[in-house]
Amino acid sequence: MTAGWKWIIVICVYIIISYLVNDVDAAIISQNSWFCKTASKVKCVSGCCVVENSFEKKISQNLKLHLFGQENAIDMISKAFKSRNKKAPLTMHFAGDNGVGKSHAVNLIAEAMFKCKNGLLPDGLLYIRGEHFFGNRDIEADKREIFSKIAEHLSKCPKSLIVVDEVEYIHPQVIAGLAPFMDDSLPHVSFNGKTAPTHEATIILVSDFGTEATTAGMSSSQIEELVAKDCLKFWVDPKHTHLINHIIPFMPLDKSAIKELMEARLDNIHEISTITEDQITRVDYNVDVLHWLATHAIERYNTSFGRGAENFFREAVLSKLVQKLEMEEEKPACVAHLQVIKSTDKLAVRLQCKEQQKKDTKIIEEETEL
């Protein structure tokens, strides 16, 4: 074997090992990349790119435009950022059932705070998945792992957004290891001979705590009180209960909120699918279509959660449009028409396509069978 081939083998092995190490680490700490948009003005310090001109305002705008059925949560989050103590970390706990918008809210906040970089958020976001720490594990080792990850991150980016998702999967004693980063009396933490400032960080815990309270039809004040008790019981040391500045309950979506979600998806179909504007220029529909989609989404998944509504939209609308477009060899510009056939209670999906090399208009129709 020649020296050249030996070097090639060494390099290949190195690349494979690096990939595996990074892949394992990505299961623990990952960057959200599915919603990123480039911010116009940013300020970069040590690899942490933060949007200038008060990102707090942009956070409120993002939430109001793209988070449905969570008006109380939007108001609480917006006020939390506007009133934050500049000399202490901002800490929040998003609580509620799965699929109601908690993770989506985190995405919208991150999008407002940071500049996108090659389709990915920069190092300002640190995302920790609780599922990684689930099971019979070494508690002290997990505490050290989370502590070192956050400390290292803050040493590079003091204005980080630290997200700990799926808190319910993490042992309470491991969660207690977050206390030094959330204590407003500690301006920094020490690790490996270095210091990491904490007062500019934003820390958000995400969990399904308080699900029973949010689905019991109580008043908002009662729900907030019960959710707060549920969340605070998770801290093993009562002294740590004050470390969360804001506990924010997320409610199940009602029918009007699901209609809003469906309307947003129809109006922005190019942003949520592989369909381009050259393929479908617009989608025409009426209020009957929104009512049909919301009603059948709730019936199909026996739930009023956003995740089920998203799944139903993909089944009832997106999949049909994609199938019809695949039949068009010329990939012509089309207008999609949606209409409810009341006699059969089905949704008619109609494409009106103008082929580039023909002057005539081609009509394709199908009733959605569900």
# chains A, B, ... in the order shown; residues from 1 in each chain; ligands from 1
>>> residues_around(residues="Gln173 of chain A", least_positions_apart="3", cutoff="12 Å", atoms="only C-alpha atoms", output="list in words")
Phe133, Arg137, Asp138, Ile139, Glu140, Ala141, Asp142, Lys143, Arg144, Ile146, Val167, Tyr169, Ile170, Ala176, Gly177, Leu178, Ala179, Phe234, Trp235, Val236, Asp237 and His240 of chain A
>>> write_last_selection(atoms="N, CA and C atoms", output="mmCIF file, in the first residue's frame")
data_model
loop_
_atom_site.group_PDB
_atom_site.id
_atom_site.type_symbol
_atom_site.label_atom_id
_atom_site.label_comp_id
_atom_site.auth_asym_id
_atom_site.auth_seq_id
_atom_site.Cartn_x
_atom_site.Cartn_y
_atom_site.Cartn_z
ATOM 1 N N PHE A 133 -31.584 12.257 28.784
ATOM 2 C CA PHE A 133 -31.245 11.981 30.180
ATOM 3 C C PHE A 133 -32.275 11.080 30.857
ATOM 4 N N ARG A 137 -29.788 6.391 34.922
ATOM 5 C CA ARG A 137 -28.523 6.991 34.541
ATOM 6 C C ARG A 137 -27.747 7.464 35.768
ATOM 7 N N ASP A 138 -26.510 7.845 35.542
ATOM 8 C CA ASP A 138 -25.659 8.385 36.599
ATOM 9 C C ASP A 138 -26.040 9.851 36.816
ATOM 10 N N ILE A 139 -26.715 10.137 37.920
ATOM 11 C CA ILE A 139 -27.241 11.480 38.172
ATOM 12 C C ILE A 139 -26.122 12.512 38.240
ATOM 13 N N GLU A 140 -25.054 12.191 38.974
ATOM 14 C CA GLU A 140 -23.959 13.154 39.116
ATOM 15 C C GLU A 140 -23.270 13.420 37.778
ATOM 16 N N ALA A 141 -23.131 12.380 36.964
ATOM 17 C CA ALA A 141 -22.528 12.554 35.644
ATOM 18 C C ALA A 141 -23.408 13.430 34.762
ATOM 19 N N ASP A 142 -24.729 13.241 34.844
ATOM 20 C CA ASP A 142 -25.651 14.064 34.061
ATOM 21 C C ASP A 142 -25.604 15.524 34.507
ATOM 22 N N LYS A 143 -25.508 15.739 35.819
ATOM 23 C CA LYS A 143 -25.409 17.113 36.326
ATOM 24 C C LYS A 143 -24.161 17.794 35.795
ATOM 25 N N ARG A 144 -23.056 17.075 35.797
ATOM 26 C CA ARG A 144 -21.797 17.654 35.289
ATOM 27 C C ARG A 144 -21.895 17.934 33.802
ATOM 28 N N ILE A 146 -24.620 18.604 31.888
ATOM 29 C CA ILE A 146 -25.438 19.779 31.600
ATOM 30 C C ILE A 146 -24.731 21.054 32.055
ATOM 31 N N VAL A 167 -38.466 18.521 30.083
ATOM 32 C CA VAL A 167 -37.966 18.531 31.457
ATOM 33 C C VAL A 167 -38.496 17.346 32.256
ATOM 34 N N TYR A 169 -38.548 14.394 31.605
ATOM 35 C CA TYR A 169 -37.705 13.207 31.472
ATOM 36 C C TYR A 169 -36.421 13.292 32.310
ATOM 37 N N ILE A 170 -36.146 14.440 32.865
ATOM 38 C CA ILE A 170 -34.879 14.649 33.565
ATOM 39 C C ILE A 170 -35.086 14.497 35.079
ATOM 40 N N ALA A 176 -31.756 20.399 39.295
ATOM 41 C CA ALA A 176 -31.227 21.270 40.344
ATOM 42 C C ALA A 176 -29.857 21.815 39.964
ATOM 43 N N GLY A 177 -29.169 21.121 39.081
ATOM 44 C CA GLY A 177 -27.862 21.602 38.631
ATOM 45 C C GLY A 177 -27.931 22.860 37.793
ATOM 46 N N LEU A 178 -29.148 23.235 37.361
ATOM 47 C CA LEU A 178 -29.314 24.473 36.598
ATOM 48 C C LEU A 178 -29.345 25.703 37.499
ATOM 49 N N ALA A 179 -29.522 25.489 38.791
ATOM 50 C CA ALA A 179 -29.716 26.597 39.729
ATOM 51 C C ALA A 179 -28.656 27.695 39.633
ATOM 52 N N PHE A 234 -41.378 20.137 41.237
ATOM 53 C CA PHE A 234 -40.302 19.394 40.596
ATOM 54 C C PHE A 234 -38.933 19.741 41.186
ATOM 55 N N TRP A 235 -38.820 20.904 41.798
ATOM 56 C CA TRP A 235 -37.532 21.295 42.379
ATOM 57 C C TRP A 235 -37.328 20.596 43.712
ATOM 58 N N VAL A 236 -36.194 19.909 43.860
ATOM 59 C CA VAL A 236 -35.949 19.136 45.072
ATOM 60 C C VAL A 236 -35.637 20.033 46.260
ATOM 61 N N ASP A 237 -35.086 21.216 46.007
ATOM 62 C CA ASP A 237 -34.758 22.159 47.073
ATOM 63 C C ASP A 237 -35.768 23.304 47.042
ATOM 64 N N HIS A 240 -35.035 26.706 45.617
ATOM 65 C CA HIS A 240 -34.865 26.934 44.184
ATOM 66 C C HIS A 240 -36.170 27.338 43.484
#
>>> select_by_dssp(residues="segment 72-188 of chain A", states="alpha helix (DSSP H)", output="PyMOL selection string")
chain A and resi 72-82+102-113+139-156+172-175+179-182
>>> residues_around(residues="Ala80 of chain A", least_positions_apart="4", cutoff="10 Å", atoms="only C-alpha atoms", output="PyMOL selection string")
chain A and resi 56+74-76+84-85+90-92+245-246
>>> write_last_selection(atoms="all heavy atoms", output="PDB file, in the first residue's frame")
ATOM      1  N   GLU A  56     -36.746  42.342  21.584  1.00  0.00           N
ATOM      2  CA  GLU A  56     -37.952  42.095  22.379  1.00  0.00           C
ATOM      3  C   GLU A  56     -39.219  42.416  21.569  1.00  0.00           C
ATOM      4  O   GLU A  56     -40.218  41.697  21.631  1.00  0.00           O
ATOM      5  CB  GLU A  56     -37.936  42.932  23.662  1.00  0.00           C
ATOM      6  CG  GLU A  56     -36.911  42.501  24.693  1.00  0.00           C
ATOM      7  CD  GLU A  56     -35.537  43.145  24.459  1.00  0.00           C
ATOM      8  OE1 GLU A  56     -35.381  43.818  23.418  1.00  0.00           O
ATOM      9  OE2 GLU A  56     -34.648  42.965  25.306  1.00  0.00           O
ATOM     10  N   ILE A  74     -48.786  34.460  24.896  1.00  0.00           N
ATOM     11  CA  ILE A  74     -48.080  35.490  24.112  1.00  0.00           C
ATOM     12  C   ILE A  74     -47.926  36.753  24.932  1.00  0.00           C
ATOM     13  O   ILE A  74     -46.853  37.365  24.968  1.00  0.00           O
ATOM     14  CB  ILE A  74     -48.848  35.781  22.810  1.00  0.00           C
ATOM     15  CG1 ILE A  74     -48.785  34.575  21.870  1.00  0.00           C
ATOM     16  CG2 ILE A  74     -48.288  37.027  22.117  1.00  0.00           C
ATOM     17  CD1 ILE A  74     -49.677  34.688  20.653  1.00  0.00           C
ATOM     18  N   ASP A  75     -48.999  37.145  25.606  1.00  0.00           N
ATOM     19  CA  ASP A  75     -48.965  38.360  26.429  1.00  0.00           C
ATOM     20  C   ASP A  75     -47.955  38.218  27.570  1.00  0.00           C
ATOM     21  O   ASP A  75     -47.173  39.144  27.843  1.00  0.00           O
ATOM     22  CB  ASP A  75     -50.361  38.641  26.980  1.00  0.00           C
ATOM     23  CG  ASP A  75     -50.425  39.937  27.767  1.00  0.00           C
ATOM     24  OD1 ASP A  75     -50.113  41.002  27.188  1.00  0.00           O
ATOM     25  OD2 ASP A  75     -50.784  39.892  28.966  1.00  0.00           O
ATOM     26  N   MET A  76     -47.954  37.054  28.218  1.00  0.00           N
ATOM     27  CA  MET A  76     -47.040  36.829  29.347  1.00  0.00           C
ATOM     28  C   MET A  76     -45.578  36.819  28.881  1.00  0.00           C
ATOM     29  O   MET A  76     -44.697  37.387  29.540  1.00  0.00           O
ATOM     30  CB  MET A  76     -47.385  35.515  30.046  1.00  0.00           C
ATOM     31  CG  MET A  76     -48.749  35.512  30.725  1.00  0.00           C
ATOM     32  SD  MET A  76     -49.144  33.906  31.479  1.00  0.00           S
ATOM     33  CE  MET A  76     -47.995  33.895  32.862  1.00  0.00           C
ATOM     34  N   ARG A  84     -37.739  42.523  31.764  1.00  0.00           N
ATOM     35  CA  ARG A  84     -36.648  41.740  32.345  1.00  0.00           C
ATOM     36  C   ARG A  84     -35.638  42.636  33.049  1.00  0.00           C
ATOM     37  O   ARG A  84     -35.364  43.771  32.647  1.00  0.00           O
ATOM     38  CB  ARG A  84     -35.949  40.904  31.282  1.00  0.00           C
ATOM     39  CG  ARG A  84     -35.079  41.653  30.307  1.00  0.00           C
ATOM     40  CD  ARG A  84     -34.327  40.686  29.399  1.00  0.00           C
ATOM     41  NE  ARG A  84     -33.390  39.859  30.137  1.00  0.00           N
ATOM     42  CZ  ARG A  84     -32.792  38.789  29.638  1.00  0.00           C
ATOM     43  NH1 ARG A  84     -33.036  38.402  28.396  1.00  0.00           N
ATOM     44  NH2 ARG A  84     -31.945  38.100  30.377  1.00  0.00           N
ATOM     45  N   ASN A  85     -35.061  42.107  34.104  1.00  0.00           N
ATOM     46  CA  ASN A  85     -33.989  42.776  34.843  1.00  0.00           C
ATOM     47  C   ASN A  85     -32.689  42.583  34.064  1.00  0.00           C
ATOM     48  O   ASN A  85     -32.236  41.451  33.890  1.00  0.00           O
ATOM     49  CB  ASN A  85     -33.877  42.167  36.244  1.00  0.00           C
ATOM     50  CG  ASN A  85     -32.792  42.822  37.078  1.00  0.00           C
ATOM     51  OD1 ASN A  85     -32.060  43.692  36.605  1.00  0.00           O
ATOM     52  ND2 ASN A  85     -32.689  42.404  38.333  1.00  0.00           N
ATOM     53  N   LEU A  90     -33.096  35.930  32.575  1.00  0.00           N
ATOM     54  CA  LEU A  90     -34.544  35.802  32.433  1.00  0.00           C
ATOM     55  C   LEU A  90     -34.876  34.319  32.366  1.00  0.00           C
ATOM     56  O   LEU A  90     -34.354  33.595  31.505  1.00  0.00           O
ATOM     57  CB  LEU A  90     -35.025  36.500  31.164  1.00  0.00           C
ATOM     58  CG  LEU A  90     -36.510  36.310  30.804  1.00  0.00           C
ATOM     59  CD1 LEU A  90     -37.412  36.853  31.904  1.00  0.00           C
ATOM     60  CD2 LEU A  90     -36.825  36.969  29.470  1.00  0.00           C
ATOM     61  N   THR A  91     -35.716  33.841  33.274  1.00  0.00           N
ATOM     62  CA  THR A  91     -36.036  32.411  33.335  1.00  0.00           C
ATOM     63  C   THR A  91     -37.539  32.205  33.202  1.00  0.00           C
ATOM     64  O   THR A  91     -38.334  32.871  33.865  1.00  0.00           O
ATOM     65  CB  THR A  91     -35.549  31.796  34.659  1.00  0.00           C
ATOM     66  OG1 THR A  91     -36.161  32.491  35.763  1.00  0.00           O
ATOM     67  CG2 THR A  91     -34.035  31.922  34.786  1.00  0.00           C
ATOM     68  N   MET A  92     -37.922  31.276  32.329  1.00  0.00           N
ATOM     69  CA  MET A  92     -39.338  30.981  32.092  1.00  0.00           C
ATOM     70  C   MET A  92     -39.542  29.474  32.027  1.00  0.00           C
ATOM     71  O   MET A  92     -38.623  28.723  31.702  1.00  0.00           O
ATOM     72  CB  MET A  92     -39.802  31.626  30.784  1.00  0.00           C
ATOM     73  CG  MET A  92     -39.847  33.136  30.818  1.00  0.00           C
ATOM     74  SD  MET A  92     -40.410  33.868  29.238  1.00  0.00           S
ATOM     75  CE  MET A  92     -38.911  33.750  28.279  1.00  0.00           C
ATOM     76  N   ASN A 245     -38.685  32.955  36.926  1.00  0.00           N
ATOM     77  CA  ASN A 245     -39.356  34.258  36.943  1.00  0.00           C
ATOM     78  C   ASN A 245     -40.811  34.161  36.490  1.00  0.00           C
ATOM     79  O   ASN A 245     -41.684  34.829  37.029  1.00  0.00           O
ATOM     80  CB  ASN A 245     -38.636  35.251  36.027  1.00  0.00           C
ATOM     81  CG  ASN A 245     -37.167  35.423  36.377  1.00  0.00           C
ATOM     82  OD1 ASN A 245     -36.330  35.553  35.494  1.00  0.00           O
ATOM     83  ND2 ASN A 245     -36.834  35.421  37.666  1.00  0.00           N
ATOM     84  N   HIS A 246     -41.054  33.337  35.477  1.00  0.00           N
ATOM     85  CA  HIS A 246     -42.388  33.303  34.869  1.00  0.00           C
ATOM     86  C   HIS A 246     -42.761  31.862  34.505  1.00  0.00           C
ATOM     87  O   HIS A 246     -42.036  31.210  33.762  1.00  0.00           O
ATOM     88  CB  HIS A 246     -42.435  34.155  33.601  1.00  0.00           C
ATOM     89  CG  HIS A 246     -41.956  35.564  33.799  1.00  0.00           C
ATOM     90  ND1 HIS A 246     -42.772  36.572  34.265  1.00  0.00           N
ATOM     91  CD2 HIS A 246     -40.720  36.113  33.604  1.00  0.00           C
ATOM     92  CE1 HIS A 246     -42.064  37.694  34.339  1.00  0.00           C
ATOM     93  NE2 HIS A 246     -40.830  37.440  33.942  1.00  0.00           N
TER      94      HIS A 246
END
>>> residues_around(residues="Leu226 of chain A", least_positions_apart="2", cutoff="12 Å", atoms="only C-alpha atoms", output="MDAnalysis selection string")
chainID A and resid 95:96 209:216 218:224 228:233 247:249
>>> write_last_selection(atoms="N, CA, C and O atoms", output="JSON list (two decimals), in the first residue's frame")
[["chain", "number", "residue", "atom", "x", "y", "z"],
["A", 95, "ALA", "N", -45.32, 25.44, 30.11],
["A", 95, "ALA", "CA", -45.95, 24.20, 30.57],
["A", 95, "ALA", "C", -47.27, 23.96, 29.85],
["A", 95, "ALA", "O", -47.97, 24.90, 29.46],
["A", 96, "GLY", "N", -47.61, 22.69, 29.66],
["A", 96, "GLY", "CA", -48.86, 22.33, 29.01],
["A", 96, "GLY", "C", -48.71, 21.04, 28.23],
["A", 96, "GLY", "O", -47.63, 20.47, 28.15],
["A", 209, "PHE", "N", -45.90, 19.61, 32.24],
["A", 209, "PHE", "CA", -46.48, 19.82, 33.56],
["A", 209, "PHE", "C", -47.78, 20.63, 33.44],
["A", 209, "PHE", "O", -47.90, 21.49, 32.59],
["A", 210, "GLY", "N", -48.71, 20.36, 34.33],
["A", 210, "GLY", "CA", -49.94, 21.13, 34.37],
["A", 210, "GLY", "C", -50.96, 20.76, 33.31],
["A", 210, "GLY", "O", -51.91, 21.50, 33.09],
["A", 211, "THR", "N", -50.77, 19.62, 32.65],
["A", 211, "THR", "CA", -51.68, 19.24, 31.57],
["A", 211, "THR", "C", -53.12, 19.12, 32.07],
["A", 211, "THR", "O", -54.07, 19.58, 31.41],
["A", 212, "GLU", "N", -53.31, 18.51, 33.23],
["A", 212, "GLU", "CA", -54.67, 18.34, 33.76],
["A", 212, "GLU", "C", -55.32, 19.68, 34.01],
["A", 212, "GLU", "O", -56.52, 19.87, 33.76],
["A", 213, "ALA", "N", -54.55, 20.64, 34.50],
["A", 213, "ALA", "CA", -55.10, 21.96, 34.79],
["A", 213, "ALA", "C", -55.51, 22.69, 33.51],
["A", 213, "ALA", "O", -56.56, 23.33, 33.45],
["A", 214, "THR", "N", -54.69, 22.56, 32.47],
["A", 214, "THR", "CA", -54.98, 23.29, 31.24],
["A", 214, "THR", "C", -56.14, 22.68, 30.46],
["A", 214, "THR", "O", -56.71, 23.33, 29.58],
["A", 215, "THR", "N", -56.52, 21.45, 30.76],
["A", 215, "THR", "CA", -57.62, 20.80, 30.04],
["A", 215, "THR", "C", -58.88, 20.67, 30.88],
["A", 215, "THR", "O", -59.84, 20.02, 30.47],
["A", 216, "ALA", "N", -58.92, 21.30, 32.05],
["A", 216, "ALA", "CA", -60.05, 21.12, 32.97],
["A", 216, "ALA", "C", -61.10, 22.22, 32.85],
["A", 216, "ALA", "O", -62.07, 22.23, 33.60],
["A", 218, "MET", "N", -60.85, 25.43, 33.56],
["A", 218, "MET", "CA", -60.80, 26.40, 34.66],
["A", 218, "MET", "C", -60.50, 27.80, 34.12],
["A", 218, "MET", "O", -60.15, 27.98, 32.96],
["A", 219, "SER", "N", -60.62, 28.79, 35.00],
["A", 219, "SER", "CA", -60.27, 30.16, 34.62],
["A", 219, "SER", "C", -58.76, 30.27, 34.46],
["A", 219, "SER", "O", -58.01, 29.45, 34.98],
["A", 220, "SER", "N", -58.31, 31.29, 33.75],
["A", 220, "SER", "CA", -56.88, 31.44, 33.49],
["A", 220, "SER", "C", -56.09, 31.61, 34.78],
["A", 220, "SER", "O", -54.98, 31.07, 34.92],
["A", 221, "SER", "N", -56.65, 32.32, 35.76],
["A", 221, "SER", "CA", -55.94, 32.53, 37.02],
["A", 221, "SER", "C", -55.81, 31.22, 37.79],
["A", 221, "SER", "O", -54.77, 30.93, 38.40],
["A", 222, "GLN", "N", -56.88, 30.39, 37.77],
["A", 222, "GLN", "CA", -56.82, 29.09, 38.44],
["A", 222, "GLN", "C", -55.81, 28.17, 37.76],
["A", 222, "GLN", "O", -55.06, 27.46, 38.43],
["A", 223, "ILE", "N", -55.80, 28.21, 36.44],
["A", 223, "ILE", "CA", -54.87, 27.38, 35.68],
["A", 223, "ILE", "C", -53.43, 27.77, 36.00],
["A", 223, "ILE", "O", -52.58, 26.90, 36.26],
["A", 224, "GLU", "N", -53.14, 29.06, 36.02],
["A", 224, "GLU", "CA", -51.78, 29.53, 36.31],
["A", 224, "GLU", "C", -51.34, 29.08, 37.70],
["A", 224, "GLU", "O", -50.19, 28.67, 37.90],
["A", 228, "ALA", "N", -48.38, 26.40, 38.25],
["A", 228, "ALA", "CA", -47.23, 26.84, 39.05],
["A", 228, "ALA", "C", -46.91, 25.83, 40.15],
["A", 228, "ALA", "O", -45.75, 25.47, 40.37],
["A", 229, "LYS", "N", -47.95, 25.31, 40.81],
["A", 229, "LYS", "CA", -47.72, 24.32, 41.87],
["A", 229, "LYS", "C", -47.11, 23.04, 41.28],
["A", 229, "LYS", "O", -46.21, 22.45, 41.88],
["A", 230, "ASP", "N", -47.62, 22.62, 40.14],
["A", 230, "ASP", "CA", -47.12, 21.41, 39.50],
["A", 230, "ASP", "C", -45.66, 21.56, 39.11],
["A", 230, "ASP", "O", -44.85, 20.65, 39.28],
["A", 231, "CYS", "N", -45.33, 22.73, 38.57],
["A", 231, "CYS", "CA", -43.95, 22.97, 38.15],
["A", 231, "CYS", "C", -43.00, 23.09, 39.33],
["A", 231, "CYS", "O", -41.89, 22.54, 39.31],
["A", 232, "LEU", "N", -43.42, 23.79, 40.34],
["A", 232, "LEU", "CA", -42.54, 24.05, 41.47],
["A", 232, "LEU", "C", -42.26, 22.80, 42.29],
["A", 232, "LEU", "O", -41.22, 22.69, 42.94],
["A", 233, "LYS", "N", -43.19, 21.83, 42.27],
["A", 233, "LYS", "CA", -42.96, 20.58, 43.01],
["A", 233, "LYS", "C", -41.77, 19.81, 42.46],
["A", 233, "LYS", "O", -41.23, 18.93, 43.12],
["A", 247, "ILE", "N", -43.88, 31.39, 35.04],
["A", 247, "ILE", "CA", -44.43, 30.09, 34.64],
["A", 247, "ILE", "C", -45.60, 30.37, 33.70],
["A", 247, "ILE", "O", -46.56, 31.04, 34.07],
["A", 248, "ILE", "N", -45.51, 29.86, 32.47],
["A", 248, "ILE", "CA", -46.45, 30.24, 31.42],
["A", 248, "ILE", "C", -47.20, 29.01, 30.92],
["A", 248, "ILE", "O", -46.61, 28.13, 30.27],
["A", 249, "PRO", "N", -48.50, 28.92, 31.22],
["A", 249, "PRO", "CA", -49.28, 27.77, 30.75],
["A", 249, "PRO", "C", -49.70, 27.93, 29.29],
["A", 249, "PRO", "O", -50.09, 29.02, 28.86]]
>>> residues_around(residues="Arg300 of chain A", least_positions_apart="3", cutoff="10 Å", atoms="only C-alpha atoms", output="list in words")
Ala294, Thr295, His296, Ala297, Thr303, Gly308, Ala309, Asn311, Phe312 and Leu370 of chain A
>>> write_last_selection(atoms="C-alpha atoms", output="compact mmCIF listing (two decimals), in the first residue's frame")
# COMPACT_ATOMS: atom_id res chain seq x y z
CA ALA A 294 -60.89 22.33 11.48
CA THR A 295 -63.89 20.08 12.10
CA HIS A 296 -62.40 17.02 10.42
CA ALA A 297 -58.98 17.58 12.01
CA THR A 303 -57.98 16.24 19.79
CA GLY A 308 -52.90 16.79 14.97
CA ALA A 309 -54.21 19.70 12.91
CA ASN A 311 -50.94 16.25 10.32
CA PHE A 312 -54.47 16.47 8.97
CA LEU A 370 -61.07 10.72 4.35
>>> select_by_dssp(residues="segment 103-220 of chain A", states="strand (DSSP E)", output="ChimeraX atom specification")
/A:125-129,161-165,188-191,194-197,202-207
>>> closest_residue(among="A:Ala333, A:Val227, A:Arg307, A:Lys149", to="His104 of chain A", atoms="only C-alpha atoms")
A:Arg307
>>> residues_around(residues="Arg314 of chain A", least_positions_apart="2", cutoff="12 Å", atoms="only C-alpha atoms", output="list in words")
Met262, Arg265, Leu266, Ile269, Ile272, Ser273, Thr274, Leu293, Ala297, Arg307, Gly308, Ala309, Glu310, Asn311, Phe312, Ala316, Val317, Leu318, Ser319, Lys320, Leu321, Val322, Gln323 and Thr368 of chain A
>>> residues_around(residues="Ala336 of chain A", least_positions_apart="2", cutoff="6 Å", atoms="only C-alpha atoms", output="PyMOL selection string")
chain A and resi 283+350-351
>>> write_last_selection(atoms="N, CA, C and O atoms", output="tab-separated table (two decimals), in the first residue's frame")
chain	number	residue	atom	x	y	z
A	283	VAL	N	-53.62	29.76	-3.53
A	283	VAL	CA	-54.65	28.80	-3.15
A	283	VAL	C	-55.93	29.57	-2.86
A	283	VAL	O	-55.95	30.46	-2.00
A	350	ARG	N	-58.99	21.22	-6.64
A	350	ARG	CA	-58.97	21.44	-8.08
A	350	ARG	C	-57.76	22.28	-8.46
A	350	ARG	O	-57.49	23.33	-7.86
A	351	LEU	N	-56.98	21.83	-9.43
A	351	LEU	CA	-55.85	22.58	-9.95
A	351	LEU	C	-56.20	23.16	-11.31
A	351	LEU	O	-56.65	22.43	-12.21
>>> atom_distance(atom1="atom CA of Ala257 of chain A", atom2="atom CA of Asn107 of chain A")
19.1 Å
>>> closest_residue(among="A:Glu131, A:Asp288, A:Asp254, A:Glu271", to="Gly306 of chain A", atoms="only C-alpha atoms")
A:Asp254
>>> closest_residue(among="A:Met251, A:Leu108, A:Val287, A:Ile280", to="Lys324 of chain A", atoms="only C-alpha atoms")
A:Ile280
>>> atom_distance(atom1="atom CA of Val163 of chain A", atom2="atom CA of Ala264 of chain A")
26.5 Å
>>> atom_distance(atom1="atom CA of Lys259 of chain A", atom2="atom CA of Glu166 of chain A")
27.8 Å
